[in-house]
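Data block for protein.cif (mmCIF, C-alpha atoms):
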```cif
data_run
#
loop_
_atom_site.label_atom_id
_atom_site.label_comp_id
_atom_site.auth_asym_id
_atom_site.auth_seq_id
_atom_site.Cartn_x
_atom_site.Cartn_y
_atom_site.Cartn_z
CA MET S 18 -12.77 12.46 5.46
CA ASN S 19 -11.06 9.45 6.97
CA ASN S 20 -7.57 10.47 8.02
CA LYS S 21 -6.21 7.07 8.94
CA LEU S 22 -3.96 5.42 6.38
CA GLN S 23 -5.77 2.63 4.56
CA ALA S 24 -4.18 -0.45 3.01
CA LYS S 25 -4.60 1.16 -0.41
CA ASP S 26 -2.55 4.15 0.69
CA LEU S 27 0.16 1.89 2.06
CA ILE S 28 0.32 -0.04 -1.22
CA ASN S 29 0.54 3.26 -3.11
CA ILE S 30 3.48 4.29 -0.94
CA GLY S 31 5.23 1.02 -1.76
CA ILE S 32 4.68 1.38 -5.50
CA PHE S 33 5.86 4.94 -5.73
CA THR S 34 8.80 4.36 -3.43
CA ALA S 35 9.91 1.58 -5.79
CA ILE S 36 9.61 3.82 -8.86
CA TYR S 37 11.26 6.72 -7.04
CA PHE S 38 14.13 4.52 -5.96
CA VAL S 39 14.68 3.04 -9.43
CA VAL S 40 14.78 6.48 -11.06
CA PHE S 41 16.97 7.76 -8.25
CA PHE S 42 19.35 4.82 -8.42
CA ALA S 43 19.60 4.83 -12.22
CA THR S 44 20.43 8.55 -12.12
CA GLY S 45 22.82 7.91 -9.24
CA MET S 46 24.90 5.69 -11.51
CA VAL S 47 26.51 8.85 -12.89
CA GLY S 48 28.01 9.25 -9.41
CA TYR S 49 30.55 6.60 -10.31
CA ILE S 50 32.27 9.12 -12.54
CA PRO S 51 34.26 10.95 -9.87
CA VAL S 52 33.60 14.52 -11.01
CA MET S 53 29.88 13.83 -11.31
CA MET S 54 29.76 12.85 -7.64
CA LEU S 55 29.13 16.48 -6.80
CA VAL S 56 26.39 16.89 -9.40
CA MET S 57 24.60 13.78 -8.17
CA PRO S 58 22.77 15.48 -5.27
CA PHE S 59 21.26 17.83 -7.85
CA LEU S 60 20.60 15.37 -10.65
CA CYS S 61 18.95 12.62 -8.57
CA PRO S 62 16.17 14.69 -6.96
CA PHE S 63 15.72 16.45 -10.32
CA MET S 64 14.95 13.27 -12.24
CA ALA S 65 13.07 11.70 -9.35
CA GLY S 66 10.86 14.79 -9.29
CA ILE S 67 8.60 13.23 -11.93
CA PRO S 68 7.56 10.20 -9.86
CA LEU S 69 7.49 12.33 -6.71
CA MET S 70 5.04 14.81 -8.22
CA LEU S 71 2.86 11.97 -9.48
CA PHE S 72 2.95 10.46 -5.99
CA LEU S 73 1.94 13.77 -4.43
CA THR S 74 -1.24 13.81 -6.51
CA LYS S 75 -2.24 10.63 -4.64
CA VAL S 76 -1.27 11.93 -1.20
CA HIS S 77 -4.06 13.42 0.84
CA LYS S 78 -3.23 12.13 4.29
CA PHE S 79 -0.58 12.94 6.83
CA GLY S 80 2.23 10.41 7.18
CA MET S 81 2.54 9.09 3.63
CA ILE S 82 5.64 11.10 2.77
CA THR S 83 7.21 10.28 6.14
CA ILE S 84 6.69 6.56 5.58
CA MET S 85 8.16 6.88 2.09
CA GLY S 86 11.29 8.46 3.53
CA LEU S 87 11.49 5.82 6.23
CA VAL S 88 11.13 2.92 3.78
CA LEU S 89 13.70 4.49 1.45
CA SER S 90 16.16 4.85 4.33
CA ILE S 91 15.67 1.26 5.50
CA LEU S 92 16.32 0.07 1.96
CA MET S 93 19.47 2.19 1.75
CA ILE S 94 20.76 0.67 5.00
CA LEU S 95 19.97 -2.85 3.81
CA LEU S 96 21.99 -2.13 0.69
CA GLY S 97 24.91 -1.22 2.94
CA HIS S 98 24.79 2.57 2.89
CA PRO S 99 25.75 4.51 6.03
CA TRP S 100 23.33 4.11 8.93
CA VAL S 101 23.51 7.87 9.57
CA GLY S 102 21.15 8.25 6.63
CA LEU S 103 18.20 7.03 8.69
CA PRO S 104 17.64 10.06 10.96
CA PHE S 105 17.90 12.33 7.91
CA GLY S 106 15.55 10.06 5.99
CA ILE S 107 12.92 10.48 8.70
CA LEU S 108 13.43 14.13 9.65
CA PHE S 109 13.28 15.78 6.21
CA PRO S 110 10.34 13.78 4.84
CA LEU S 111 8.49 14.51 8.11
CA LEU S 112 9.10 18.23 7.63
CA ALA S 113 7.95 17.93 4.01
CA ASP S 114 4.83 16.17 5.26
CA LEU S 115 4.09 18.99 7.73
CA ILE S 116 4.56 21.59 5.00
CA LEU S 117 2.22 19.72 2.68
CA LYS S 118 -0.36 19.34 5.44
CA SER S 119 -0.34 23.07 6.06
CA GLY S 120 -1.22 23.53 2.38
CA GLN S 121 -3.94 20.85 2.42
CA TYR S 122 -1.78 18.83 -0.01
CA THR S 123 -2.90 20.99 -2.96
CA ASP S 124 -1.16 24.35 -2.52
CA TRP S 125 1.41 24.51 -5.35
CA GLN S 126 3.80 26.82 -3.45
CA LYS S 127 3.78 24.44 -0.50
CA ILE S 128 4.31 21.45 -2.80
CA LYS S 129 7.41 23.12 -4.27
CA THR S 130 8.82 23.77 -0.80
CA ALA S 131 7.99 20.26 0.33
CA SER S 132 9.78 18.78 -2.68
CA MET S 133 12.86 20.83 -1.80
CA VAL S 134 12.79 19.71 1.82
CA PHE S 135 12.10 16.09 0.95
CA SER S 136 15.09 15.98 -1.40
CA LEU S 137 17.38 16.81 1.50
CA TRP S 138 17.12 13.22 2.73
CA ILE S 139 20.00 12.45 0.37
CA ILE S 140 22.48 14.53 2.39
CA GLY S 141 22.42 11.87 5.10
CA GLN S 142 24.33 9.68 2.67
CA PHE S 143 27.09 12.27 2.49
CA VAL S 144 27.47 12.93 6.19
CA PRO S 145 30.14 10.25 6.80
CA PHE S 146 32.33 11.84 4.13
CA PHE S 147 32.47 15.04 6.09
CA PHE S 148 31.62 14.61 9.75
CA MET S 149 32.45 11.07 10.77
CA ARG S 150 36.04 12.01 10.07
CA ASP S 151 36.21 13.72 13.44
CA SER S 152 37.09 10.43 15.04
CA TYR S 153 39.49 9.80 12.22
CA PHE S 154 41.21 13.13 12.65
CA ALA S 155 41.39 12.63 16.39
CA THR S 156 43.35 9.45 15.77
CA LEU S 157 45.61 11.27 13.30
CA ARG S 158 46.21 14.08 15.76
CA ALA S 159 47.32 11.62 18.41
CA GLY S 160 49.64 9.87 15.98
CA TYR S 161 51.13 12.60 13.79
CA GLY S 162 50.70 15.87 15.65
CA ASP S 163 48.52 18.93 15.18
CA VAL S 164 50.20 20.44 12.13
CA TYR S 165 49.60 17.38 10.03
CA ALA S 166 45.97 16.95 11.06
CA ASP S 167 45.21 20.65 10.54
CA THR S 168 46.71 20.62 7.08
CA LEU S 169 44.67 17.65 6.07
CA MET S 170 41.52 19.24 7.45
CA ALA S 171 42.26 22.40 5.49
CA ILE S 172 42.58 20.60 2.15
CA THR S 173 39.28 18.77 2.52
CA PRO S 174 36.94 21.66 3.00
CA LEU S 175 33.66 21.55 4.83
CA TRP S 176 31.99 24.05 2.51
CA VAL S 177 31.56 21.32 -0.06
CA PHE S 178 28.99 19.85 2.29
CA PHE S 179 26.92 23.03 2.15
CA VAL S 180 27.22 23.07 -1.62
CA ILE S 181 25.74 19.57 -1.55
CA ILE S 182 22.85 20.74 0.61
CA ALA S 183 22.20 23.62 -1.76
CA PHE S 184 22.39 21.29 -4.76
CA ALA S 185 19.93 18.87 -3.21
CA ALA S 186 17.45 21.65 -2.44
CA LEU S 187 17.80 23.10 -5.94
CA GLY S 188 17.37 19.64 -7.39
CA GLY S 189 14.17 19.23 -5.42
CA LEU S 190 12.86 22.55 -6.70
CA ALA S 191 13.80 21.85 -10.31
CA GLY S 192 12.38 18.37 -9.98
CA ALA S 193 9.07 19.78 -8.79
CA LEU S 194 8.90 22.09 -11.80
CA LEU S 195 9.88 19.30 -14.19
CA GLY S 196 7.40 16.93 -12.59
CA LYS S 197 4.62 19.49 -12.80
CA SER S 198 5.20 20.17 -16.49
CA VAL S 199 5.35 16.44 -17.26
CA LEU S 200 2.17 15.87 -15.28
CA LYS S 201 0.42 18.60 -17.22
CA LYS S 202 1.66 17.38 -20.57
CA HIS S 203 1.04 13.66 -20.14
CA PHE S 204 -0.66 12.39 -17.05
CA GLN S 205 -3.56 14.81 -16.65
CA ARG S 206 -4.55 14.23 -20.26
CA ALA S 207 -4.39 10.48 -19.69
CA GLY S 208 -6.47 10.86 -16.54
CA ILE S 209 -3.87 9.35 -14.25
CA ALA S 210 -2.93 12.36 -12.17
CA MET M 4 22.00 -3.11 -9.22
CA ASP M 5 20.46 -6.44 -9.96
CA LEU M 6 16.81 -5.74 -9.43
CA HIS M 7 15.95 -9.41 -9.24
CA SER M 8 18.44 -10.05 -6.51
CA PHE M 9 15.86 -9.99 -3.74
CA GLY M 10 13.93 -13.23 -3.69
CA VAL M 11 16.32 -15.90 -4.86
CA THR M 12 14.57 -19.24 -4.75
CA LYS M 13 17.43 -21.57 -4.00
CA LYS M 14 17.68 -22.57 -0.38
CA SER M 15 21.13 -22.13 1.09
CA LYS M 16 22.57 -24.86 3.29
CA PHE M 17 23.77 -22.22 5.71
CA TRP M 18 20.52 -20.55 6.59
CA LEU M 19 20.43 -17.50 8.81
CA ASP M 20 17.44 -15.71 10.22
CA PRO M 21 16.94 -12.33 8.50
CA ARG M 22 17.06 -10.70 11.94
CA THR M 23 20.57 -12.06 12.47
CA LYS M 24 21.62 -10.71 9.09
CA ILE M 25 20.17 -7.29 9.85
CA THR M 26 21.86 -7.17 13.26
CA MET M 27 25.21 -8.03 11.72
CA LEU M 28 24.69 -5.56 8.90
CA LEU M 29 23.96 -2.73 11.33
CA ILE M 30 26.93 -3.55 13.54
CA VAL M 31 29.35 -3.79 10.62
CA ASN M 32 27.91 -0.53 9.34
CA ILE M 33 28.25 1.33 12.66
CA VAL M 34 31.71 0.09 13.65
CA LEU M 35 33.40 0.34 10.27
CA MET M 36 31.90 3.74 9.45
CA GLY M 37 33.00 4.96 12.86
CA GLY M 38 36.61 4.51 11.91
CA GLY M 39 39.77 4.87 13.92
CA TYR M 40 42.60 2.50 14.75
CA SER M 41 43.47 3.60 18.25
CA GLY M 42 43.71 1.05 21.02
CA LEU M 43 41.49 -1.97 20.67
CA SER M 44 39.92 -0.71 17.40
CA ALA M 45 43.03 -1.77 15.54
CA PHE M 46 41.94 -5.30 16.32
CA LEU M 47 38.15 -4.93 16.35
CA ARG M 48 37.60 -3.35 12.96
CA PRO M 49 39.58 -5.89 10.92
CA THR M 50 37.84 -8.67 12.85
CA LEU M 51 34.44 -7.30 11.97
CA ALA M 52 35.54 -6.80 8.38
CA LEU M 53 36.20 -10.54 8.29
CA LEU M 54 32.51 -11.22 8.92
CA PRO M 55 31.30 -10.40 5.37
CA LEU M 56 34.28 -12.35 4.03
CA GLY M 57 33.31 -15.47 5.94
CA LEU M 58 29.71 -15.16 4.81
CA LEU M 59 30.74 -14.77 1.18
CA ILE M 60 32.92 -17.88 1.42
CA ILE M 61 30.12 -19.89 3.03
CA GLU M 62 27.80 -18.83 0.23
CA SER M 63 30.59 -20.06 -2.13
CA LYS M 64 30.88 -16.67 -3.80
CA LEU M 65 34.62 -17.23 -3.95
CA LYS M 66 35.48 -14.68 -6.61
CA ALA M 67 33.69 -11.90 -4.75
CA ALA M 68 35.34 -13.05 -1.52
CA LEU M 69 38.80 -12.88 -3.10
CA TYR M 70 38.25 -9.36 -4.44
CA TYR M 71 36.86 -8.30 -1.10
CA LEU M 72 39.83 -9.74 0.76
CA ILE M 73 42.34 -8.01 -1.52
CA PHE M 74 40.61 -4.61 -1.50
CA VAL M 75 39.86 -4.38 2.17
CA SER M 76 43.13 -5.81 3.47
CA LEU M 77 45.06 -3.49 1.14
CA ALA M 78 43.03 -0.51 2.26
CA MET M 79 43.33 -1.36 5.94
CA SER M 80 47.03 -2.07 5.88
CA CYS M 81 47.52 1.14 3.92
CA GLU M 82 45.67 3.02 6.61
CA ILE M 83 47.56 1.40 9.46
CA PHE M 84 51.10 1.25 8.07
CA LEU M 85 51.58 3.38 4.96
CA VAL M 86 49.81 6.57 5.97
CA SER M 87 52.39 7.31 8.64
CA GLN M 88 55.28 6.68 6.24
CA THR M 89 54.32 9.04 3.44
CA ALA M 90 53.80 12.77 3.12
CA GLY M 91 52.34 15.38 0.80
CA LEU M 92 50.07 14.55 -2.12
CA ILE M 93 50.67 10.80 -2.02
CA ASN M 94 49.69 10.79 1.61
CA LEU M 95 46.49 12.71 0.89
CA LEU M 96 45.53 10.32 -1.91
CA LEU M 97 46.28 7.34 0.31
CA VAL M 98 44.26 8.71 3.20
CA ILE M 99 41.24 9.40 1.04
CA ALA M 100 41.35 6.20 -1.01
CA SER M 101 42.09 3.77 1.79
CA GLY M 102 39.79 5.58 4.21
CA LEU M 103 36.87 5.37 1.80
CA LEU M 104 37.52 1.76 0.83
CA SER M 105 37.95 0.43 4.34
CA ARG M 106 34.87 2.31 5.53
CA PHE M 107 32.37 1.81 2.74
CA VAL M 108 33.21 -1.54 1.16
CA PRO M 109 32.51 -3.88 4.12
CA PRO M 110 28.99 -2.52 4.74
CA LEU M 111 28.23 -2.60 1.01
CA VAL M 112 29.38 -6.21 0.75
CA MET M 113 27.38 -7.07 3.84
CA GLY M 114 24.35 -5.44 2.22
CA TYR M 115 24.94 -7.45 -0.93
CA TYR M 116 25.00 -10.62 1.16
CA VAL M 117 21.77 -9.76 2.96
CA VAL M 118 19.90 -8.80 -0.19
CA SER M 119 21.09 -11.75 -2.27
CA THR M 120 20.38 -14.46 0.33
CA THR M 121 17.04 -13.36 1.78
CA LYS M 122 13.68 -14.14 0.25
CA ILE M 123 11.11 -11.36 0.37
CA SER M 124 8.62 -13.43 2.33
CA GLU M 125 11.30 -14.41 4.84
CA PHE M 126 12.04 -10.77 5.20
CA VAL M 127 8.41 -9.89 5.77
CA ALA M 128 8.08 -12.71 8.32
CA ALA M 129 11.12 -11.42 10.17
CA MET M 130 9.78 -7.86 10.16
CA GLU M 131 6.51 -9.15 11.61
CA GLY M 132 8.58 -11.01 14.19
CA MET M 133 10.21 -7.73 15.13
CA HIS M 134 6.70 -6.28 15.70
CA LEU M 135 7.17 -3.47 13.20
CA PRO M 136 3.87 -1.69 12.45
CA ARG M 137 2.05 -2.67 9.26
CA GLN M 138 2.42 0.92 8.07
CA ILE M 139 6.03 0.01 7.42
CA ILE M 140 5.73 -3.66 6.50
CA ILE M 141 3.12 -3.23 3.76
CA PRO M 142 4.86 -0.43 1.82
CA PHE M 143 8.19 -2.20 2.20
CA SER M 144 7.01 -5.56 0.90
CA VAL M 145 5.07 -3.92 -1.94
CA MET M 146 8.19 -2.00 -2.88
CA LEU M 147 10.34 -5.13 -2.97
CA ARG M 148 7.67 -6.97 -4.94
CA PHE M 149 7.59 -4.07 -7.38
CA PHE M 150 11.26 -3.79 -8.32
CA PRO M 151 11.20 -6.69 -10.81
CA THR M 152 8.05 -5.24 -12.38
CA VAL M 153 9.64 -1.85 -12.87
CA ALA M 154 12.77 -3.46 -14.33
CA GLU M 155 10.68 -5.57 -16.73
CA GLU M 156 8.63 -2.63 -17.97
CA ASN M 157 11.77 -0.59 -18.28
CA SER M 158 13.51 -3.11 -20.52
CA ALA M 159 10.39 -3.45 -22.70
CA ILE M 160 10.16 0.31 -23.11
CA SER M 161 13.86 0.47 -23.75
CA ASP M 162 13.47 -2.01 -26.62
CA ALA M 163 10.57 -0.08 -28.10
CA MET M 164 12.44 3.21 -27.92
CA ARG M 165 15.57 1.73 -29.43
CA MET M 166 13.49 0.76 -32.42
CA ARG M 167 12.55 4.40 -32.82
CA GLY M 168 16.16 5.50 -32.43
CA ILE M 169 15.60 7.14 -29.08
CA ARG M 170 18.62 6.29 -26.99
CA LEU M 171 21.60 7.94 -25.36
CA GLY M 172 24.04 8.88 -28.08
CA GLY M 173 21.43 8.51 -30.79
CA LYS M 174 20.05 11.37 -32.83
CA ASN M 175 17.15 11.88 -30.44
CA ALA M 176 19.13 11.88 -27.21
CA SER M 177 17.31 14.88 -25.74
CA THR M 178 13.99 13.09 -25.73
CA VAL M 179 15.37 10.04 -23.91
CA ILE M 180 14.26 11.09 -20.45
CA GLU M 181 10.73 12.03 -21.35
CA TYR M 182 10.15 9.07 -23.65
CA ARG M 183 11.39 6.54 -21.13
CA ILE M 184 10.21 7.78 -17.76
CA VAL M 185 6.72 8.79 -18.83
CA PRO M 186 5.69 5.43 -20.38
CA MET M 187 7.31 3.62 -17.47
CA LEU M 188 5.24 5.62 -14.99
CA MET M 189 2.08 5.04 -17.03
CA CYS M 190 2.63 1.27 -17.02
CA THR M 191 3.67 0.94 -13.42
CA VAL M 192 0.85 3.10 -12.10
CA LYS M 193 -1.69 0.96 -13.96
CA ILE M 194 -0.05 -2.25 -12.75
CA GLY M 195 0.07 -0.80 -9.26
CA GLU M 196 -3.66 -0.14 -9.28
CA GLU M 197 -4.31 -3.72 -10.30
CA LEU M 198 -1.89 -5.06 -7.71
CA SER M 199 -3.57 -2.94 -5.08
CA ALA M 200 -7.01 -4.31 -5.99
CA ALA M 201 -5.69 -7.88 -5.99
CA ALA M 202 -4.01 -7.48 -2.62
CA LEU M 203 -7.14 -5.99 -1.09
CA THR M 204 -9.22 -8.88 -2.40
CA ARG M 205 -6.86 -11.22 -0.63
CA GLY M 206 -7.43 -9.43 2.63
CA LEU M 207 -4.36 -7.22 2.96
CA GLY M 208 -6.54 -4.48 4.38
CA LYS M 209 -7.70 -6.67 7.22
CA PRO M 210 -6.44 -5.33 10.56
CA THR M 211 -5.70 -8.77 12.04
CA ARG M 212 -2.37 -10.53 12.11
CA ARG M 213 -1.58 -12.47 8.94
CA THR M 214 0.09 -15.85 8.75
CA ASN M 215 3.20 -16.52 6.72
CA VAL M 216 4.35 -19.75 5.08
CA CYS M 217 7.97 -18.93 5.77
CA ARG M 218 9.38 -20.38 8.96
CA VAL M 219 11.82 -17.98 10.55
CA GLY M 220 13.46 -18.56 13.88
CA LEU M 221 16.72 -17.96 15.64
CA GLY M 222 18.89 -21.07 15.76
CA LEU M 223 22.16 -21.78 17.51
CA ILE M 224 24.33 -20.27 14.74
CA ASP M 225 22.14 -17.17 14.78
CA TRP M 226 22.67 -16.63 18.49
CA ILE M 227 26.41 -17.25 18.21
CA LEU M 228 26.75 -14.70 15.40
CA ILE M 229 24.54 -12.15 17.17
CA ILE M 230 26.44 -12.48 20.45
CA PHE M 231 29.78 -12.38 18.64
CA SER M 232 29.00 -9.19 16.75
CA LEU M 233 27.28 -7.57 19.73
CA THR M 234 30.33 -8.26 21.89
CA LEU M 235 32.55 -6.61 19.29
CA LEU M 236 30.20 -3.62 19.13
CA LEU M 237 30.16 -3.20 22.92
CA LEU M 238 33.93 -3.56 23.12
CA TRP M 239 34.29 -0.96 20.38
CA ILE M 240 31.96 1.48 22.14
CA PHE M 241 33.45 1.17 25.61
CA LEU M 242 37.08 0.29 25.02
CA GLY M 243 37.84 1.14 21.36
#
```
Output the structure of this file as structure tokens.
Amino acid sequence: MNNKLQAKDLINIGIFTAIYFVVFFATGMVGYIPVMMLVMPFLCPFMAGIPLMLFLTKVHKFGMITIMGLVLSILMILLGHPWVGLPFGILFPLLADLILKSGQYTDWQKIKTASMVFSLWIIGQFVPFFFMRDSYFATLRAGYGDVYADTLMAITPLWVFFVIIAFAALGGLAGALLGKSVLKKHFQRAGIA
Amino acid sequence: MDLHSFGVTKKSKFWLDPRTKITMLLIVNIVLMGGGYSGLSAFLRPTLALLPLGLLIIESKLKAALYYLIFVSLAMSCEIFLVSQTAGLINLLLVIASGLLSRFVPPLVMGYYVVSTTKISEFVAAMEGMHLPRQIIIPFSVMLRFFPTVAEENSAISDAMRMRGIRLGGKNASTVIEYRIVPMLMCTVKIGEELSAAALTRGLGKPTRRTNVCRVGLGLIDWILIIFSLTLLLLWIFLG
């Protein structure tokens, strides 16, 4: 088997990244309702699980998932999202790729795990909300004293960030299950998957 | 998002190389996300925030420029002056609202500028100029080419489903997801296979360097803008 990525594979990555992004973005619109912001990390990978699972049926070579994550991250930066997303958008898809490779790209348990790991790329988008504030708080501390800065830090808890990570992973898992059932119901019968 | 926004055909009088735009976008992104108003930053960050404003005005998107000016200057002046004057809940709200606006709006507007003024082929030419590997260029250009297709199929399917009463808020709301995503995937996968065959026929799989009809090159304005924003970035890193 030829393990180098062919032009056909690269085109496939482009197509599925586009579909993935559209589904992701359309679902992400609910994030504009403030309370839904927290549900978004779950909902987006959940809905995008359908195109992701369909994509995974076409993936048999190492690197395809990594490139998908990379292309997604570049697009996010071009659209003006935080640049911190890029390292996350490379790291987690790469891990997902390694997991898939260890299962020869067909092991269902490995696919589920990989979907969970891949979905974590979204947390890069949330990092500035929680960690980039260090510099901000340092400025506050210099200006308004320790008590003030500590109070503010206490009201904006860090644990929300871990909830987001958990949500994203759960969303990836649920998305894998959803995608699998949709594949079984529609695409295998139509001979696409 | 306007899915057709990439690939406008009209040629702007004020033409910038995509590489210049990307450099500026990254610098605005890094400096404004970084935050802080201590020392020189109090001067650097507002200056950089003016960059998207100037570009919007040059592109004669005056309404957007006005909104941008109002939002960002309000948010920044809130952060600099008002935050120290208030306390309690109002202060918390101010910190969060102005902090988010002043941090996230300038990069987003910059992104809007880049996406709405760059043609896809210009973009591809610039990426080739940056010597990115084809493993990135091909998926990226296919993806950009594919957005309008997905949007088109989606609106067609949406029409068909509305005729059957399958829409959000209709009596068949629960089936919306399945009945919209599944046909869309069916269509796009088929179109994708055809696109793939067509592209291969035209020699996309060939390992040699391809030519591009788009002329991209760094002009005087490009260098001025790059040096200007790089200087601000370096100042911010070492003195800010």
For chain M, which of S:Leu194, S:Ile30, S:Leu187, S:Met81 is the closest residue, counting only C-alpha atoms?
->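 Closest to chain M of all the choices is S:Ile30.
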May I have the residues within 10 Å of S:Ser198 as a ChimeraX atom specification, using all atoms listed in the file and disregarding those fewer than 6 positions away in the same chain?
-> /S:67,70,192,204
Give me the result of the PyMOL selection byres ((chain M) within 6 of (chain S)) on this file, residue by residue, as a VMD selection string.
-> chain M and resid 39 110 to 111 114 142 to 143 145 to 146 208
Do a neighbour search on M:Leu235 at 9 Å with all atoms listed in the file, toss out local chain neighbours closer than 6 positions, and write the hits as a ChimeraX atom specification.
-> /M:30,34,47-48,50-51
Test item: which residues lie within 12 Å of (12.0, 22.9, -9.8) counting only C-alpha atoms, as an mmCIF file with C-alpha atoms, keeping the file's coordinate frame:
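Contents of the output file out36.cif:
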```
data_model
loop_
_atom_site.group_PDB
_atom_site.id
_atom_site.type_symbol
_atom_site.label_atom_id
_atom_site.label_comp_id
_atom_site.auth_asym_id
_atom_site.auth_seq_id
_atom_site.Cartn_x
_atom_site.Cartn_y
_atom_site.Cartn_z
ATOM 1 C CA PHE S 59 21.260 17.830 -7.850
ATOM 2 C CA LEU S 60 20.600 15.370 -10.650
ATOM 3 C CA PRO S 62 16.170 14.690 -6.960
ATOM 4 C CA PHE S 63 15.720 16.450 -10.320
ATOM 5 C CA MET S 64 14.950 13.270 -12.240
ATOM 6 C CA ALA S 65 13.070 11.700 -9.350
ATOM 7 C CA GLY S 66 10.860 14.790 -9.290
ATOM 8 C CA ILE S 67 8.600 13.230 -11.930
ATOM 9 C CA LEU S 69 7.490 12.330 -6.710
ATOM 10 C CA MET S 70 5.040 14.810 -8.220
ATOM 11 C CA TRP S 125 1.410 24.510 -5.350
ATOM 12 C CA GLN S 126 3.800 26.820 -3.450
ATOM 13 C CA ILE S 128 4.310 21.450 -2.800
ATOM 14 C CA LYS S 129 7.410 23.120 -4.270
ATOM 15 C CA THR S 130 8.820 23.770 -0.800
ATOM 16 C CA ALA S 131 7.990 20.260 0.330
ATOM 17 C CA SER S 132 9.780 18.780 -2.680
ATOM 18 C CA MET S 133 12.860 20.830 -1.800
ATOM 19 C CA SER S 136 15.090 15.980 -1.400
ATOM 20 C CA PHE S 184 22.390 21.290 -4.760
ATOM 21 C CA ALA S 185 19.930 18.870 -3.210
ATOM 22 C CA ALA S 186 17.450 21.650 -2.440
ATOM 23 C CA LEU S 187 17.800 23.100 -5.940
ATOM 24 C CA GLY S 188 17.370 19.640 -7.390
ATOM 25 C CA GLY S 189 14.170 19.230 -5.420
ATOM 26 C CA LEU S 190 12.860 22.550 -6.700
ATOM 27 C CA ALA S 191 13.800 21.850 -10.310
ATOM 28 C CA GLY S 192 12.380 18.370 -9.980
ATOM 29 C CA ALA S 193 9.070 19.780 -8.790
ATOM 30 C CA LEU S 194 8.900 22.090 -11.800
ATOM 31 C CA LEU S 195 9.880 19.300 -14.190
ATOM 32 C CA GLY S 196 7.400 16.930 -12.590
ATOM 33 C CA LYS S 197 4.620 19.490 -12.800
ATOM 34 C CA SER S 198 5.200 20.170 -16.490
ATOM 35 C CA VAL S 199 5.350 16.440 -17.260
#
```
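Against this structure, the PyMOL selection byres ((chain M and resi 214) around 12) ends up with M:Ser124, M:Glu125, M:Val127, M:Ala128, M:Ala129, M:Glu131, M:Gly132, M:Gly206, M:Leu207, M:Thr211, M:Arg212, M:Arg213, M:Asn215, M:Val216, M:Cys217, M:Arg218.
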Same residues, C-alpha atoms, saved as a PDB file, in the coordinates of the input:
```pdb
ATOM      1  CA  SER M 124       8.620 -13.430   2.330  1.00  0.00           C
ATOM      2  CA  GLU M 125      11.300 -14.410   4.840  1.00  0.00           C
ATOM      3  CA  VAL M 127       8.410  -9.890   5.770  1.00  0.00           C
ATOM      4  CA  ALA M 128       8.080 -12.710   8.320  1.00  0.00           C
ATOM      5  CA  ALA M 129      11.120 -11.420  10.170  1.00  0.00           C
ATOM      6  CA  GLU M 131       6.510  -9.150  11.610  1.00  0.00           C
ATOM      7  CA  GLY M 132       8.580 -11.010  14.190  1.00  0.00           C
ATOM      8  CA  GLY M 206      -7.430  -9.430   2.630  1.00  0.00           C
ATOM      9  CA  LEU M 207      -4.360  -7.220   2.960  1.00  0.00           C
ATOM     10  CA  THR M 211      -5.700  -8.770  12.040  1.00  0.00           C
ATOM     11  CA  ARG M 212      -2.370 -10.530  12.110  1.00  0.00           C
ATOM     12  CA  ARG M 213      -1.580 -12.470   8.940  1.00  0.00           C
ATOM     13  CA  ASN M 215       3.200 -16.520   6.720  1.00  0.00           C
ATOM     14  CA  VAL M 216       4.350 -19.750   5.080  1.00  0.00           C
ATOM     15  CA  CYS M 217       7.970 -18.930   5.770  1.00  0.00           C
ATOM     16  CA  ARG M 218       9.380 -20.380   8.960  1.00  0.00           C
TER      17      ARG M 218
END
```
Evaluate the PyMOL selection byres ((chain S and resi 107-111) around 6) on the structure here and hand back the selected residues as a list in words.
->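 Here the PyMOL selection byres ((chain S and resi 107-111) around 6) matches Ile82, Thr83, Gly86, Leu87, Pro104, Phe105, Gly106, Leu112, Ala113, Asp114, Val134, Phe135 and Trp138 of chain S.
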Do you know which residues are at most 12 Å from M:Ala100 counting only C-alpha atoms, after dropping those on the same chain fewer than 3 positions away, and could you put them as a PyMOL selection string?
-> (chain S and resi 146) or (chain M and resi 74-75+77-79+81-82+86+93-97+103-108)
